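K.L.:
Once you've had a glance at the structure underneath, I'll fire off some questions.
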Amino acid sequence: MPGANEKSCREYSVATKWTCFNKKADFEGLARTFGISPYTARVIRNRDIVTEEEFKEYLFRDFESLKTLEEVLSFMEPPEAMKGIPPAVQLLHKTIREGGRIRIFGDYDVDGTMSIVILMRAIFLAGGRVDWRVPHRMRDGYGLNVNMIREAIDDGISLAITCDNGIAALEPIRVAKEAGMQVIVTDHHQVVRRPGPDGELVPVLPEADVCIDPHQPDCPSSFKEICGAMVAWKFMLAYFDFCLPERKPLLSTLIPHVAFATVCDVMPLVKDNRFLVKYGIWMFHHRQIDAAMLNLCAVKAVLPEDVRAESFGFYLGPMINAGGRLETAELAVKLFLADDLSEAAELASRLRELNEERKQMTNIGENLAMDEIDRLDLLGMNTPGREPDKVLVVYLPKLHESVAGLVSSHLSRRFCRPSIVLTDSAEEGICKGSGRSVEGYHILNGLNGCQEYLTKFGGHEGAAGLSLPKEKIDAFRKKINELCELKEEELVRKIRVDLPVSPSAVNDALVEEMALLEPCGKGNEAPVFAVDRAEVRLTRDPSSMKNGTLRLGVRTKEGERESAMILFRRGEEFLYYYRQKFGIAEEEKMATGAASAVRATLSYHASFNEFRGTRSVQYIVDEFK
């Protein structure tokens with residue numbers, strides 16, 4: 001912790017770059033045509049929706065009219081558009097017909113577990129002799145490994161099917177093929193690339209009998225940004241269309257699982273993804289979901305009728321992931337395959353308990369990371385002339401390694417720079433960790449330049465894992481920062497404003513109407529409002545704030561009604577920023593609720609808040625300058 005006169009990184013303010021969408025259209029005309037406000041028409045146009053036909057498709061929500069699975073599928077690219085599906089259907093059909101044993105190999109996150117569940121349910125329905133395996137995070141690491149293949153060989157498995165992994169499992173699949181096992185890979189990750197004869201990187205596929213992955217060479221699919229569960233579901237749709245068309249409609253019960261995985265794996269919510277997630281949420285609202293989904297909602301006190309895309313990402317998904325982080329992902333798979341309702345309820349409760357434990361561990365880790373940044377003064381807040389580290393490298397020996405990536409993600413978001421969080425491993429003298437990047441920095445390339453310090457590393461542009469001897473941490477931190485070519489002015493948070501509008505104009509009706517944009521997430525972001533140079537005062541004493549939360553009174557002009565706004569978690573940063581900008585006297589006036597010279601530009605979003613049976617609009621501050 002910093003000394004009495006020292007600054008803490010908790011006060012550190014990231015530079016921001018603000019832009020406002022300026023797309024043109026006849027917003028009044030679109031508003032009349034579709035029965036929406038010009039505000040909503042403007043936000044939809046900002047999502048690159050241009051023509052009236054595109055508006056009509058974007059706003060479609062008449063799911064009641066879709067009476068059959070085929071009508072649902074007519075809105076999506078057909079499964080056969082993906083390379084590998086026809087021969088995979090033939091191979092699976094042959095194995096089931098001959099009574100061969102099938103084993104599914106998944107992964108331990110939401111996408112991996114939902115992919116297992118989809119394949120298990122469908123292949124069992126088709127009469128296949130099928131079981132499953134999921135790797136243990138601590139013991140096995142990510143994806144398929146040779147030990148899992150050797151176990152399958154010993155068990156007499158005829159056909160191995162991977163899901164949400166496998167495209168990079170070159171050695172395990174080679175071992176499987178040498179033993180005479182047949183292999184179908186279903187995955188959605190990028191193909192491995194290695195230097196060819198001329199030094200250029202060329203794609204290398206595993207020696208599987210069939211690969212289904214939209215990113216493999218020559219795959220004609222026009223929409224490739226889908227999750228592993230979507231790949232698995234489309235494989236099963238094609239199989240049932242060919243072999244059991246009379247049972248194919250039963251696969252519609254798996255749509256909520258695909259929607260769940262799509263959101264939790266942060267796939268762009270556009271085209272097929274947006275339609276299927278929207279339809280999956282509609283199924284939640286009409287309780288057309290299985291007992292496992294109902295139990296997940298129940299233990300998290302989320303009504304299926306209230307589920308939104310963010311419910312998947314922030315409430316339900318973390319419970320599934322907590323099983324794989326702290327115990328085993330088998331808990332989640334067993335929950336979704338359970339026939340006994342009481343067993344399903346117990347498994348859902350256990351996942352909720354693990355997620356609460358995971359949240360505590362993550363919060364503790366985030367605070368420890370902040371303390372370590374202060375101790376080493378990595379942001380140069382207390383050392384004159386010291387430039388902030390561009391890549392934050394933090395060693396937390398007591399942190400559970402399964403939450404290192406979560407803590408690293410928090411640091412990257414909070415400080416808008418790449419971060420790597422290290423912790424002790426089971427191997428004597430070795431630490432291991434996870435890194436997360438920001439736009440403009442390829443973290444795997446950064447690690448490539450530090451190979452002399454690392455015992456193991458891997459990953460991609462946005463995230464990576466690594467191991468290194470403890471005594472080399474300082475040298476590694478120095479080297480990766482020396483190699484980082486990011487400039488300090490590039491380490492900024494970018495805010496795209498949809499509507500510069502006062503909270504007083506964002507009423508219940510507009511917030512209700514903005515629900516037409518749902519589901520929101522990557523590629524279809526929630527609407528961002530903003531006010532410029534607004535008068536701000538604190539409506540509660542900042543000394544009593546909990547978890548860095550501030551409550552503000554904001555108005556944009558003299559005589560306007562003051563709007564109540566809330567800022568979560570970043571209270572210290574907010575106060576320090578305006579103290580630096582306007583001086584301590586004006587900041588203190590603002591903090592005590594008095595009129596001051598402080599003027600703030602705030603971006604915010606609006607949502608409904610339910611309290612004691614009363615619903616009101618809540619304005620939540622996202623960024624400030």
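Following the order of the structure tokens, chains are lettered A, B, ..., residues in each are numbered from 1, and ligands are numbered from 1.
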Fewer than 6 positions away in the same chain doesn't count, so skip those; otherwise give me all residues within 10 Å of Gly365 in chain A, counting only C-alpha atoms, as a list in words.

P.N.:
Lys359, Asp371, Leu396, Lys398, Leu399, His400, Val403, Ala404, Leu406, Val407, Ser408, His410 and Val421 of chain A

K.L.:
Could you write out the selected residues, including N, CA and C atoms, as a PDB file, in the first residue's frame?

P.N.:
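After the write, again.pdb holds the following:
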```pdb
ATOM      1  N   LYS A 359     -15.696 -15.507  -7.041  1.00  0.00           N
ATOM      2  CA  LYS A 359     -15.803 -14.044  -6.989  1.00  0.00           C
ATOM      3  C   LYS A 359     -14.958 -13.474  -5.857  1.00  0.00           C
ATOM      4  N   ASP A 371      -2.236  -3.517  -5.032  1.00  0.00           N
ATOM      5  CA  ASP A 371      -1.208  -3.271  -4.005  1.00  0.00           C
ATOM      6  C   ASP A 371       0.193  -3.508  -4.569  1.00  0.00           C
ATOM      7  N   LEU A 396       1.765 -12.628  -7.963  1.00  0.00           N
ATOM      8  CA  LEU A 396       0.958 -12.822  -6.752  1.00  0.00           C
ATOM      9  C   LEU A 396       1.060 -14.279  -6.338  1.00  0.00           C
ATOM     10  N   LYS A 398       0.275 -16.172  -3.880  1.00  0.00           N
ATOM     11  CA  LYS A 398      -0.796 -16.911  -3.202  1.00  0.00           C
ATOM     12  C   LYS A 398      -2.078 -17.005  -4.026  1.00  0.00           C
ATOM     13  N   LEU A 399      -2.111 -16.383  -5.194  1.00  0.00           N
ATOM     14  CA  LEU A 399      -3.321 -16.376  -6.004  1.00  0.00           C
ATOM     15  C   LEU A 399      -3.567 -17.749  -6.616  1.00  0.00           C
ATOM     16  N   HIS A 400      -4.821 -18.199  -6.595  1.00  0.00           N
ATOM     17  CA  HIS A 400      -5.179 -19.456  -7.253  1.00  0.00           C
ATOM     18  C   HIS A 400      -5.001 -19.265  -8.758  1.00  0.00           C
ATOM     19  N   VAL A 403      -7.761 -18.168 -11.436  1.00  0.00           N
ATOM     20  CA  VAL A 403      -8.341 -16.817 -11.561  1.00  0.00           C
ATOM     21  C   VAL A 403      -7.307 -15.792 -12.028  1.00  0.00           C
ATOM     22  N   ALA A 404      -6.103 -16.250 -12.357  1.00  0.00           N
ATOM     23  CA  ALA A 404      -5.074 -15.314 -12.827  1.00  0.00           C
ATOM     24  C   ALA A 404      -5.530 -14.582 -14.084  1.00  0.00           C
ATOM     25  N   LEU A 406      -8.613 -13.891 -14.949  1.00  0.00           N
ATOM     26  CA  LEU A 406      -9.658 -12.934 -14.595  1.00  0.00           C
ATOM     27  C   LEU A 406      -9.053 -11.664 -14.011  1.00  0.00           C
ATOM     28  N   VAL A 407      -8.047 -11.818 -13.171  1.00  0.00           N
ATOM     29  CA  VAL A 407      -7.386 -10.652 -12.583  1.00  0.00           C
ATOM     30  C   VAL A 407      -6.646  -9.878 -13.668  1.00  0.00           C
ATOM     31  N   SER A 408      -6.003 -10.603 -14.567  1.00  0.00           N
ATOM     32  CA  SER A 408      -5.301  -9.946 -15.672  1.00  0.00           C
ATOM     33  C   SER A 408      -6.276  -9.159 -16.547  1.00  0.00           C
ATOM     34  N   HIS A 410      -9.064  -7.825 -15.593  1.00  0.00           N
ATOM     35  CA  HIS A 410      -9.452  -6.632 -14.844  1.00  0.00           C
ATOM     36  C   HIS A 410      -8.391  -5.533 -14.967  1.00  0.00           C
ATOM     37  N   VAL A 421      -0.489 -11.646 -15.150  1.00  0.00           N
ATOM     38  CA  VAL A 421      -0.564 -11.974 -13.725  1.00  0.00           C
ATOM     39  C   VAL A 421       0.037 -13.360 -13.520  1.00  0.00           C
TER      40      VAL A 421
END
```

K.L.:
Name all residues at most 6 Å from Phe27 in chain A (count only C-alpha atoms; drop same-chain ones fewer than 2 positions away) and give them as a list in words.

P.N.:
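Once the nearby chain positions are removed, what remains is Ala25, Gly29, Leu30, Ala31, Pro38 and Ala41 of chain A.
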
K.L.:
Using only C-alpha atoms, determine which residues lie at most 10 Å from Lys56 in chain A, disregarding the query and same-chain residues fewer than 5 positions distant; provide the list as a PDB file with N, CA and C atoms, in the first residue's frame.

P.N.:
```pdb
ATOM      1  N   THR A  33     -41.876   4.689 -40.286  1.00  0.00           N
ATOM      2  CA  THR A  33     -42.050   3.384 -40.933  1.00  0.00           C
ATOM      3  C   THR A  33     -42.110   2.251 -39.920  1.00  0.00           C
ATOM      4  N   PHE A  34     -41.263   2.317 -38.904  1.00  0.00           N
ATOM      5  CA  PHE A  34     -41.140   1.187 -37.977  1.00  0.00           C
ATOM      6  C   PHE A  34     -41.749   1.457 -36.606  1.00  0.00           C
ATOM      7  N   ILE A  49     -26.773  -0.700 -39.876  1.00  0.00           N
ATOM      8  CA  ILE A  49     -28.018  -1.145 -40.483  1.00  0.00           C
ATOM      9  C   ILE A  49     -28.477   0.006 -41.377  1.00  0.00           C
ATOM     10  N   THR A  51     -30.516  -0.233 -44.976  1.00  0.00           N
ATOM     11  CA  THR A  51     -31.738  -0.254 -45.769  1.00  0.00           C
ATOM     12  C   THR A  51     -32.957  -0.579 -44.901  1.00  0.00           C
ATOM     13  N   ARG A  61     -39.056  -9.677 -34.305  1.00  0.00           N
ATOM     14  CA  ARG A  61     -39.235 -10.325 -33.007  1.00  0.00           C
ATOM     15  C   ARG A  61     -40.523 -11.136 -32.950  1.00  0.00           C
TER      16      ARG A  61
END
```

K.L.:
When you draw a straight line from CA of Leu538 in chain A to CA of Arg599 in chain A, how long is it in Å?

P.N.:
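Pair CA of Leu538 in chain A / CA of Arg599 in chain A returns 12.7 Å.
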
K.L.:
Do a neighbour search on Thr549 in chain A at 6 Å with only C-alpha atoms, toss out local chain neighbours closer than 2 positions, and write the hits as a ChimeraX atom specification.

P.N.:
/A:545-547,567-569,571

K.L.:
I need the residue nearest Leu483 in chain A from this list: A:Phe415, A:Val391, A:Gly128, A:Phe529. Use only C-alpha atoms for the distance.

P.N.:
A:Val391

K.L.:
Using only C-alpha atoms, which protein or nucleic acid residues come within 8 Å of Ser402 in chain A? Drop anything in the same chain fewer than 2 positions from it, and give the result as a list in words.

P.N.:
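Result of the neighbour search: Arg137, Met138, Arg325, Leu326, His400, Ala404 and Gly405 of chain A.
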
K.L.:
May I have the selected residues written with N, CA and C atoms, as a PDB file, in the first residue's frame?

P.N.:
```pdb
ATOM      1  N   ARG A 137      -8.682 -28.493 -15.645  1.00  0.00           N
ATOM      2  CA  ARG A 137      -7.871 -27.300 -15.914  1.00  0.00           C
ATOM      3  C   ARG A 137      -6.461 -27.403 -15.331  1.00  0.00           C
ATOM      4  N   MET A 138      -6.362 -27.829 -14.087  1.00  0.00           N
ATOM      5  CA  MET A 138      -5.059 -27.840 -13.410  1.00  0.00           C
ATOM      6  C   MET A 138      -4.196 -29.020 -13.868  1.00  0.00           C
ATOM      7  N   ARG A 325     -13.047 -23.889 -13.154  1.00  0.00           N
ATOM      8  CA  ARG A 325     -11.923 -23.171 -12.555  1.00  0.00           C
ATOM      9  C   ARG A 325     -11.497 -23.782 -11.220  1.00  0.00           C
ATOM     10  N   LEU A 326     -12.463 -24.082 -10.366  1.00  0.00           N
ATOM     11  CA  LEU A 326     -12.130 -24.442  -8.988  1.00  0.00           C
ATOM     12  C   LEU A 326     -12.250 -25.932  -8.686  1.00  0.00           C
ATOM     13  N   HIS A 400      -4.821 -18.199  -6.595  1.00  0.00           N
ATOM     14  CA  HIS A 400      -5.179 -19.456  -7.253  1.00  0.00           C
ATOM     15  C   HIS A 400      -5.001 -19.265  -8.758  1.00  0.00           C
ATOM     16  N   ALA A 404      -6.103 -16.250 -12.357  1.00  0.00           N
ATOM     17  CA  ALA A 404      -5.074 -15.314 -12.827  1.00  0.00           C
ATOM     18  C   ALA A 404      -5.530 -14.582 -14.084  1.00  0.00           C
ATOM     19  N   GLY A 405      -6.188 -15.298 -14.997  1.00  0.00           N
ATOM     20  CA  GLY A 405      -6.677 -14.661 -16.217  1.00  0.00           C
ATOM     21  C   GLY A 405      -7.751 -13.625 -15.943  1.00  0.00           C
TER      22      GLY A 405
END
```

K.L.:
If we count only C-alpha atoms, what is near Arg555 in chain A at a cut-off of 9 Å, once residues fewer than 4 positions away on the same chain are taken out, given as a PyMOL selection string?

P.N.:
chain A and resi 502-504+531+534-536+559-563

K.L.:
Using N, CA and C atoms, can you write the selected residues to a file as a PDB file, in the first residue's frame?

P.N.:
```pdb
ATOM      1  N   SER A 502     -29.253  14.554 -22.690  1.00  0.00           N
ATOM      2  CA  SER A 502     -29.366  14.677 -21.235  1.00  0.00           C
ATOM      3  C   SER A 502     -30.164  13.512 -20.659  1.00  0.00           C
ATOM      4  N   PRO A 503     -29.809  13.037 -19.466  1.00  0.00           N
ATOM      5  CA  PRO A 503     -30.606  11.978 -18.838  1.00  0.00           C
ATOM      6  C   PRO A 503     -32.076  12.351 -18.690  1.00  0.00           C
ATOM      7  N   SER A 504     -32.348  13.633 -18.554  1.00  0.00           N
ATOM      8  CA  SER A 504     -33.737  14.060 -18.389  1.00  0.00           C
ATOM      9  C   SER A 504     -34.581  13.736 -19.618  1.00  0.00           C
ATOM     10  N   VAL A 531     -23.345  13.286 -21.935  1.00  0.00           N
ATOM     11  CA  VAL A 531     -23.577  14.709 -21.678  1.00  0.00           C
ATOM     12  C   VAL A 531     -22.212  15.396 -21.659  1.00  0.00           C
ATOM     13  N   ALA A 534     -21.284  18.951 -18.051  1.00  0.00           N
ATOM     14  CA  ALA A 534     -22.431  19.020 -17.149  1.00  0.00           C
ATOM     15  C   ALA A 534     -21.995  19.438 -15.746  1.00  0.00           C
ATOM     16  N   GLU A 535     -22.901  20.092 -15.025  1.00  0.00           N
ATOM     17  CA  GLU A 535     -22.669  20.384 -13.613  1.00  0.00           C
ATOM     18  C   GLU A 535     -22.834  19.090 -12.823  1.00  0.00           C
ATOM     19  N   VAL A 536     -21.873  18.853 -11.937  1.00  0.00           N
ATOM     20  CA  VAL A 536     -21.880  17.600 -11.178  1.00  0.00           C
ATOM     21  C   VAL A 536     -21.653  17.890  -9.704  1.00  0.00           C
ATOM     22  N   GLY A 559     -31.273  25.630 -14.589  1.00  0.00           N
ATOM     23  CA  GLY A 559     -32.714  25.476 -14.507  1.00  0.00           C
ATOM     24  C   GLY A 559     -33.218  24.090 -14.858  1.00  0.00           C
ATOM     25  N   GLU A 560     -32.346  23.223 -15.400  1.00  0.00           N
ATOM     26  CA  GLU A 560     -32.773  21.863 -15.733  1.00  0.00           C
ATOM     27  C   GLU A 560     -32.910  21.020 -14.467  1.00  0.00           C
ATOM     28  N   ARG A 561     -33.872  20.087 -14.482  1.00  0.00           N
ATOM     29  CA  ARG A 561     -34.020  19.172 -13.354  1.00  0.00           C
ATOM     30  C   ARG A 561     -32.753  18.321 -13.210  1.00  0.00           C
ATOM     31  N   GLU A 562     -32.277  18.207 -11.985  1.00  0.00           N
ATOM     32  CA  GLU A 562     -31.082  17.406 -11.729  1.00  0.00           C
ATOM     33  C   GLU A 562     -31.414  15.925 -11.859  1.00  0.00           C
ATOM     34  N   SER A 563     -30.534  15.188 -12.540  1.00  0.00           N
ATOM     35  CA  SER A 563     -30.706  13.745 -12.704  1.00  0.00           C
ATOM     36  C   SER A 563     -29.764  12.999 -11.775  1.00  0.00           C
TER      37      SER A 563
END
```

K.L.:
Within range 368-433 of chain A, find each residue whose DSSP state, derived from the backbone, is strand (DSSP E or B), and express the selection as a list in words.

P.N.:
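Those residues are Leu392, Val393, Val394, Tyr395, Ser419, Ile420, Val421, Leu422, Thr423, Asp424, Ile430, Cys431, Lys432 and Gly433 of chain A.
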
K.L.:
So which residues touch Lys23 in chain A within 12 Å, counting only C-alpha atoms, skipping near sequence neighbours fewer than 6 positions away, as a PyMOL selection string?

P.N.:
chain A and resi 41-50+497-499

K.L.:
Name the closest residue to Glu401 in chain A among the candidates A:Glu77, A:Arg139, A:Asn609, A:Pro214; distances are taken between atoms, counting only C-alpha atoms.

P.N.:
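Counting only C-alpha atoms, the residue closest to Glu401 in chain A is A:Arg139.
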
K.L.:
Could you state the separation of CA of Pro469 in chain A and CA of Ile443 in chain A in Å, given to one decimal place?

P.N.:
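Distance between the two atoms: 19.4 Å.
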
K.L.:
Please return, as number ranges by chain, all residues of range 310-347 of chain A that DSSP assigns to alpha helix (DSSP H) on the basis of the backbone.

P.N.:
A: 310-311, 317-326, 330-337, 341-347

K.L.:
Have a look at A:Asp209, A:Glu200, A:Asp109, A:Asp26 and name the one nearest to Ile184 in chain A; count only C-alpha atoms.

P.N.:
A:Asp209

K.L.:
Tell me which of A:Asn321, A:Asn295, A:Asn5, A:Thr614 sits closest to Ala348 in chain A, counting only C-alpha atoms.

P.N.:
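Counting only C-alpha atoms, the residue closest to Ala348 in chain A is A:Asn295.
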
K.L.:
Return the single residue from A:His215, A:Arg247, A:His442, A:Lys625 that is closest to Lys494 in chain A, with distances computed using only C-alpha atoms.

P.N.:
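Ranked by minimum distance to Lys494 in chain A, first place goes to A:Lys625.
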
K.L.:
What is the CA of Glu387 in chain A-CA of Lys472 in chain A distance in Å, reported with one decimal?

P.N.:
21.8 Å

K.L.:
For Val506 in chain A, which residue out of A:Ser425, A:Thr19, A:Thr40, A:Ser437 is the nearest one, using only C-alpha atoms?

P.N.:
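Checking each of A:Ser425, A:Thr19, A:Thr40, A:Ser437 against Val506 in chain A, counting only C-alpha atoms, the winner is A:Thr40.
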